[in-house]
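Here is entry14.txt, consisting of compact mmCIF, N, CA and C atoms and all ligand atoms:
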```txt
# COMPACT_ATOMS: atom_id res chain seq x y z
N MET A 1 108.92 104.16 92.51
CA MET A 1 108.67 105.41 91.77
C MET A 1 107.56 105.22 90.75
N SER A 2 107.72 104.24 89.83
CA SER A 2 106.69 104.08 88.82
C SER A 2 105.42 103.50 89.45
N GLU A 3 105.58 102.71 90.53
CA GLU A 3 104.41 102.14 91.22
C GLU A 3 103.58 103.24 91.88
N ARG A 4 104.28 104.25 92.40
CA ARG A 4 103.59 105.38 93.03
C ARG A 4 102.71 106.09 92.00
N ILE A 5 103.23 106.24 90.78
CA ILE A 5 102.47 106.91 89.72
C ILE A 5 101.30 106.06 89.26
N THR A 6 101.54 104.77 89.02
CA THR A 6 100.43 103.92 88.57
C THR A 6 99.34 103.85 89.65
N ASP A 7 99.72 103.78 90.93
CA ASP A 7 98.73 103.77 92.02
C ASP A 7 97.88 105.03 91.98
N ALA A 8 98.53 106.17 91.80
CA ALA A 8 97.81 107.44 91.79
C ALA A 8 96.86 107.52 90.59
N LEU A 9 97.31 107.00 89.44
CA LEU A 9 96.46 107.05 88.24
C LEU A 9 95.28 106.08 88.37
N MET A 10 95.52 104.92 89.00
CA MET A 10 94.42 103.97 89.23
C MET A 10 93.37 104.59 90.14
N LYS A 11 93.85 105.30 91.15
CA LYS A 11 92.95 105.96 92.09
C LYS A 11 92.11 107.01 91.36
N GLU A 12 92.77 107.74 90.48
CA GLU A 12 92.07 108.76 89.67
C GLU A 12 91.01 108.10 88.77
N ALA A 13 91.35 106.95 88.19
CA ALA A 13 90.39 106.24 87.33
C ALA A 13 89.17 105.81 88.14
N ARG A 14 89.40 105.33 89.38
CA ARG A 14 88.27 104.93 90.23
C ARG A 14 87.41 106.13 90.59
N TRP A 15 88.08 107.27 90.82
CA TRP A 15 87.36 108.49 91.17
C TRP A 15 86.52 108.96 89.98
N GLN A 16 87.10 108.89 88.77
CA GLN A 16 86.36 109.24 87.55
C GLN A 16 85.14 108.33 87.39
N ALA A 17 85.33 107.04 87.68
CA ALA A 17 84.23 106.08 87.56
C ALA A 17 83.09 106.44 88.50
N GLN A 18 83.42 106.85 89.72
CA GLN A 18 82.38 107.25 90.68
C GLN A 18 81.60 108.45 90.17
N LYS A 19 82.35 109.40 89.59
CA LYS A 19 81.73 110.61 89.06
C LYS A 19 80.78 110.25 87.91
N LEU A 20 81.26 109.38 87.00
CA LEU A 20 80.45 108.97 85.85
C LEU A 20 79.23 108.16 86.31
N ASP A 21 79.42 107.35 87.37
CA ASP A 21 78.31 106.59 87.94
C ASP A 21 77.18 107.53 88.36
N ARG A 22 77.57 108.62 89.00
CA ARG A 22 76.55 109.59 89.45
C ARG A 22 75.86 110.23 88.25
N GLU A 23 76.66 110.55 87.20
CA GLU A 23 76.08 111.16 86.00
C GLU A 23 75.15 110.20 85.25
N ALA A 24 75.45 108.90 85.36
CA ALA A 24 74.64 107.90 84.65
C ALA A 24 73.25 107.75 85.28
N LYS A 25 73.10 108.22 86.50
CA LYS A 25 71.81 108.23 87.21
C LYS A 25 71.06 106.90 87.10
N GLY A 26 71.76 105.81 87.37
CA GLY A 26 71.10 104.51 87.42
C GLY A 26 70.84 103.86 86.06
N ASN A 27 71.29 104.47 84.97
CA ASN A 27 71.15 103.86 83.64
C ASN A 27 72.04 102.61 83.55
N GLU A 28 71.40 101.42 83.50
CA GLU A 28 72.14 100.15 83.61
C GLU A 28 73.20 99.98 82.52
N ASP A 29 72.86 100.36 81.28
CA ASP A 29 73.83 100.21 80.18
C ASP A 29 75.07 101.06 80.42
N GLU A 30 74.83 102.30 80.81
CA GLU A 30 75.96 103.20 81.06
C GLU A 30 76.80 102.71 82.24
N LEU A 31 76.12 102.24 83.29
CA LEU A 31 76.85 101.75 84.46
C LEU A 31 77.72 100.55 84.08
N ALA A 32 77.18 99.66 83.24
CA ALA A 32 77.95 98.49 82.80
C ALA A 32 79.18 98.91 82.00
N THR A 33 79.01 99.91 81.13
CA THR A 33 80.12 100.42 80.33
C THR A 33 81.21 101.01 81.23
N ILE A 34 80.79 101.77 82.24
CA ILE A 34 81.75 102.39 83.16
C ILE A 34 82.54 101.31 83.91
N ARG A 35 81.82 100.28 84.42
CA ARG A 35 82.48 99.17 85.13
C ARG A 35 83.51 98.48 84.24
N ALA A 36 83.09 98.20 82.97
CA ALA A 36 83.97 97.49 82.05
C ALA A 36 85.22 98.32 81.76
N ARG A 37 85.02 99.61 81.54
CA ARG A 37 86.17 100.48 81.26
C ARG A 37 87.13 100.51 82.44
N LEU A 38 86.56 100.59 83.64
CA LEU A 38 87.43 100.67 84.82
C LEU A 38 88.28 99.40 84.94
N THR A 39 87.72 98.23 84.65
CA THR A 39 88.52 97.01 84.76
C THR A 39 89.57 96.94 83.65
N GLU A 40 89.30 97.60 82.52
CA GLU A 40 90.26 97.55 81.40
C GLU A 40 91.33 98.64 81.47
N TYR A 41 91.15 99.60 82.37
CA TYR A 41 92.10 100.71 82.42
C TYR A 41 93.50 100.22 82.81
N LYS A 42 94.47 100.67 82.03
CA LYS A 42 95.87 100.40 82.36
C LYS A 42 96.56 101.74 82.59
N ALA A 43 97.21 101.89 83.72
CA ALA A 43 97.87 103.16 84.02
C ALA A 43 99.13 103.32 83.19
N LYS A 44 99.73 102.17 82.78
CA LYS A 44 100.98 102.28 82.06
C LYS A 44 101.01 101.31 80.89
N HIS A 45 101.46 101.79 79.74
CA HIS A 45 101.65 100.93 78.59
C HIS A 45 103.05 101.21 78.05
N ARG A 46 103.89 100.18 78.01
CA ARG A 46 105.31 100.35 77.69
C ARG A 46 105.88 101.48 78.55
N ASN A 47 106.38 102.56 77.91
CA ASN A 47 106.97 103.64 78.71
C ASN A 47 106.02 104.78 78.98
N ASP A 48 104.77 104.65 78.52
CA ASP A 48 103.83 105.75 78.67
C ASP A 48 102.84 105.51 79.81
N TYR A 49 102.58 106.57 80.55
CA TYR A 49 101.45 106.56 81.46
C TYR A 49 100.24 107.04 80.69
N LEU A 50 99.07 106.46 80.97
CA LEU A 50 97.90 106.74 80.16
C LEU A 50 96.85 107.49 80.97
N CYS A 51 96.20 108.45 80.30
CA CYS A 51 95.26 109.36 80.97
C CYS A 51 93.99 108.62 81.42
N PRO A 52 93.71 108.61 82.73
CA PRO A 52 92.49 107.94 83.21
C PRO A 52 91.21 108.67 82.79
N CYS A 53 91.28 110.00 82.61
CA CYS A 53 90.08 110.75 82.22
C CYS A 53 89.68 110.42 80.80
N CYS A 54 90.66 110.45 79.87
CA CYS A 54 90.36 110.14 78.47
C CYS A 54 89.82 108.72 78.34
N TRP A 55 90.42 107.78 79.08
CA TRP A 55 89.96 106.40 78.99
C TRP A 55 88.55 106.26 79.53
N MET A 56 88.29 106.78 80.71
CA MET A 56 86.98 106.60 81.34
C MET A 56 85.88 107.35 80.58
N ARG A 57 86.22 108.49 80.00
CA ARG A 57 85.18 109.28 79.32
C ARG A 57 85.00 108.88 77.86
N SER A 58 86.12 108.62 77.14
CA SER A 58 86.00 108.41 75.70
C SER A 58 86.64 107.12 75.21
N GLU A 59 87.09 106.26 76.13
CA GLU A 59 87.74 105.00 75.77
C GLU A 59 88.90 105.26 74.82
N GLN A 60 89.70 106.25 75.17
CA GLN A 60 90.81 106.66 74.32
C GLN A 60 92.10 106.58 75.14
N TRP A 61 93.13 105.96 74.56
CA TRP A 61 94.41 105.88 75.26
C TRP A 61 95.24 107.12 74.94
N SER A 62 95.37 108.04 75.86
CA SER A 62 96.19 109.23 75.65
C SER A 62 97.41 109.18 76.56
N PRO A 63 98.59 109.22 75.96
CA PRO A 63 99.80 109.21 76.79
C PRO A 63 99.95 110.52 77.56
N LEU A 64 100.45 110.45 78.78
CA LEU A 64 100.65 111.64 79.60
C LEU A 64 102.10 112.10 79.48
N ASP A 65 102.29 113.41 79.41
CA ASP A 65 103.64 113.98 79.39
C ASP A 65 104.05 114.38 80.79
N PRO A 66 105.24 113.96 81.21
CA PRO A 66 105.72 114.42 82.51
C PRO A 66 106.17 115.87 82.44
N LEU A 67 105.82 116.64 83.44
CA LEU A 67 106.27 118.03 83.52
C LEU A 67 107.25 118.13 84.68
N PRO A 68 108.38 118.76 84.44
CA PRO A 68 109.29 118.93 85.58
C PRO A 68 108.67 119.90 86.57
N ALA A 69 108.52 119.49 87.83
CA ALA A 69 107.82 120.34 88.79
C ALA A 69 108.36 120.11 90.20
N GLY A 70 109.43 120.80 90.51
CA GLY A 70 109.94 120.77 91.87
C GLY A 70 110.07 119.37 92.44
N LYS A 71 109.51 119.16 93.62
CA LYS A 71 109.73 117.88 94.27
C LYS A 71 108.68 116.83 93.91
N ASP A 72 107.47 117.27 93.51
CA ASP A 72 106.45 116.31 93.11
C ASP A 72 106.46 116.14 91.60
N ASP A 73 105.88 115.03 91.14
CA ASP A 73 105.76 114.81 89.70
C ASP A 73 104.40 115.32 89.24
N VAL A 74 104.38 115.92 88.05
CA VAL A 74 103.12 116.32 87.44
C VAL A 74 103.07 115.68 86.07
N LEU A 75 101.94 115.02 85.78
CA LEU A 75 101.72 114.44 84.46
C LEU A 75 100.57 115.20 83.83
N ILE A 76 100.73 115.50 82.53
CA ILE A 76 99.71 116.30 81.87
C ILE A 76 99.24 115.60 80.60
N CYS A 77 97.93 115.74 80.33
CA CYS A 77 97.34 115.12 79.14
C CYS A 77 97.15 116.18 78.06
N ASP A 78 97.77 115.95 76.89
CA ASP A 78 97.65 116.90 75.77
C ASP A 78 96.25 116.88 75.16
N VAL A 79 95.55 115.77 75.33
CA VAL A 79 94.26 115.60 74.67
C VAL A 79 93.14 116.30 75.45
N CYS A 80 93.00 115.99 76.76
CA CYS A 80 91.88 116.59 77.51
C CYS A 80 92.34 117.71 78.44
N GLY A 81 93.65 117.89 78.57
CA GLY A 81 94.17 118.98 79.37
C GLY A 81 94.22 118.69 80.87
N SER A 82 93.86 117.47 81.27
CA SER A 82 93.92 117.13 82.70
C SER A 82 95.36 117.09 83.16
N ASP A 83 95.58 117.48 84.42
CA ASP A 83 96.91 117.24 84.96
C ASP A 83 96.80 116.50 86.26
N PHE A 84 97.82 115.73 86.56
CA PHE A 84 97.81 114.85 87.72
C PHE A 84 99.05 115.12 88.56
N LEU A 85 98.82 115.50 89.78
CA LEU A 85 99.93 115.75 90.68
C LEU A 85 100.22 114.45 91.43
N ILE A 86 101.45 114.00 91.31
CA ILE A 86 101.85 112.77 92.00
C ILE A 86 102.78 113.18 93.13
N GLU A 87 102.26 113.10 94.35
CA GLU A 87 103.08 113.54 95.48
C GLU A 87 104.13 112.50 95.82
N ARG A 88 105.26 112.97 96.27
CA ARG A 88 106.32 112.04 96.69
C ARG A 88 106.15 111.62 98.13
ZN ZN B 1 93.24 112.98 78.94
```

Give the structure from this file in structure tokens form.
Ligand SMILES: [Zn+2]
Amino acid sequence: MSERITDALMKEARWQAQKLDREAKGNEDELATIRARLTEYKAKHRNDYLCPCCWMRSEQWSPLDPLPAGKDDVLICDVCGSDFLIER
């Protein structure tokens, strides 16, 4: 259960990194920062899942709130407003 969520958040972090890579348009410093952030990203700290968007964009650890949502899990970030659907 928790592995499914961390896997999905890691995947989201990699996807964010690809997006930021494109925005960096070959700027070596920015690309290095994005790579470093991606290796430092942790999907879970103690009991909190951490927002991959906030980390990749602003190097900020924002805990995600779980939302009760039928059969799938939804995690939402209060800081950037992103939500993550975790399919079962
Ligand atoms: Zn966020």

Using all atoms listed in the file, what table do you get, as CSV, when you list each residue of chain A with an atom no more than 6 Å from ligand ZN 1 (chain B), its nearest pair of atoms, and their distance in Å rounded to one decimal, rows by chain then rising number?
```
residue,atom,partner,partner_atom,distance
A:Cys51,CA,B:ZN1,ZN,4.6
A:Pro52,N,B:ZN1,ZN,5.8
A:Cys53,C,B:ZN1,ZN,4.8
A:Cys54,N,B:ZN1,ZN,3.7
A:Trp55,N,B:ZN1,ZN,5.9
A:Ser62,CA,B:ZN1,ZN,5.8
A:Cys77,CA,B:ZN1,ZN,4.6
A:Asp78,N,B:ZN1,ZN,5.8
A:Val79,C,B:ZN1,ZN,4.8
A:Cys80,N,B:ZN1,ZN,3.7
A:Gly81,N,B:ZN1,ZN,4.9
A:Ser82,N,B:ZN1,ZN,5.1
```

Only N, CA and C atoms, please: the residues just picked out, written as a PDB file, keeping the file's coordinate frame.
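Final file, again-v3.pdb:
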```pdb
ATOM      1  N   CYS A  51      96.200 108.450  80.300  1.00  0.00           N
ATOM      2  CA  CYS A  51      95.260 109.360  80.970  1.00  0.00           C
ATOM      3  C   CYS A  51      93.990 108.620  81.420  1.00  0.00           C
ATOM      4  N   PRO A  52      93.710 108.610  82.730  1.00  0.00           N
ATOM      5  CA  PRO A  52      92.490 107.940  83.210  1.00  0.00           C
ATOM      6  C   PRO A  52      91.210 108.670  82.790  1.00  0.00           C
ATOM      7  N   CYS A  53      91.280 110.000  82.610  1.00  0.00           N
ATOM      8  CA  CYS A  53      90.080 110.750  82.220  1.00  0.00           C
ATOM      9  C   CYS A  53      89.680 110.420  80.800  1.00  0.00           C
ATOM     10  N   CYS A  54      90.660 110.450  79.870  1.00  0.00           N
ATOM     11  CA  CYS A  54      90.360 110.140  78.470  1.00  0.00           C
ATOM     12  C   CYS A  54      89.820 108.720  78.340  1.00  0.00           C
ATOM     13  N   TRP A  55      90.420 107.780  79.080  1.00  0.00           N
ATOM     14  CA  TRP A  55      89.960 106.400  78.990  1.00  0.00           C
ATOM     15  C   TRP A  55      88.550 106.260  79.530  1.00  0.00           C
ATOM     16  N   SER A  62      95.370 108.040  75.860  1.00  0.00           N
ATOM     17  CA  SER A  62      96.190 109.230  75.650  1.00  0.00           C
ATOM     18  C   SER A  62      97.410 109.180  76.560  1.00  0.00           C
ATOM     19  N   CYS A  77      97.930 115.740  80.330  1.00  0.00           N
ATOM     20  CA  CYS A  77      97.340 115.120  79.140  1.00  0.00           C
ATOM     21  C   CYS A  77      97.150 116.180  78.060  1.00  0.00           C
ATOM     22  N   ASP A  78      97.770 115.950  76.890  1.00  0.00           N
ATOM     23  CA  ASP A  78      97.650 116.900  75.770  1.00  0.00           C
ATOM     24  C   ASP A  78      96.250 116.880  75.160  1.00  0.00           C
ATOM     25  N   VAL A  79      95.550 115.770  75.330  1.00  0.00           N
ATOM     26  CA  VAL A  79      94.260 115.600  74.670  1.00  0.00           C
ATOM     27  C   VAL A  79      93.140 116.300  75.450  1.00  0.00           C
ATOM     28  N   CYS A  80      93.000 115.990  76.760  1.00  0.00           N
ATOM     29  CA  CYS A  80      91.880 116.590  77.510  1.00  0.00           C
ATOM     30  C   CYS A  80      92.340 117.710  78.440  1.00  0.00           C
ATOM     31  N   GLY A  81      93.650 117.890  78.570  1.00  0.00           N
ATOM     32  CA  GLY A  81      94.170 118.980  79.370  1.00  0.00           C
ATOM     33  C   GLY A  81      94.220 118.690  80.870  1.00  0.00           C
ATOM     34  N   SER A  82      93.860 117.470  81.270  1.00  0.00           N
ATOM     35  CA  SER A  82      93.920 117.130  82.700  1.00  0.00           C
ATOM     36  C   SER A  82      95.360 117.090  83.160  1.00  0.00           C
TER      37      SER A  82
END
```

Return as a ChimeraX atom specification the full set of residues in chain A whose backbone-based DSSP assignment is strand (DSSP E or B). /A:44-45,48-50,63-67,73-77,83-86

- Would you give me, as number ranges by chain, the residues in chain A that DSSP reads as alpha helix (DSSP H)? A: 2-24, 28-40, 52-58

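Shortest separation to A:Met10 among A:Met56, A:Val74, A:Ala43, A:Ala36 occurs at residue A:Ala43, atoms counted being all atoms listed in the file.
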
Taken to one decimal, the atom CA of A:Thr33-atom CA of A:Ile5 distance is 25.1 Å

> Could you pull the residues within 8 Å of A:Asn47, counting all atoms listed in the file, minus those fewer than 3 positions along the same chain, as a VMD selection string?
Replying inline: chain A and resid 44 50 63 to 64

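Between atom CA of A:Ala17 and atom CA of A:Leu85 the separation is 18.7 Å.
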
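For the set A:Asp65, A:Lys71, A:Asp29, A:Tyr49, the residue with the smallest atom-to-atom gap to A:Glu3 is A:Tyr49, counting only C-alpha atoms.
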
4 Å per side around stretch 21-29 of chain A: axis-aligned box centre and edge lengths, as JSON:
```
{"center_x": 75.1, "center_y": 105.6, "center_z": 84.8, "size_x": 16.6, "size_y": 19.2, "size_z": 17.3}
```

Note to self: Need to verify the contact set: A:Arg4, 12 Å, only C-alpha atoms, exclusion of same-chain residues closer than 2 positions in sequence. Can you return it as a PyMOL selection string?
What the structure shows: chain A and resi 1-2+6-11+43-44+49+72-73+85-88
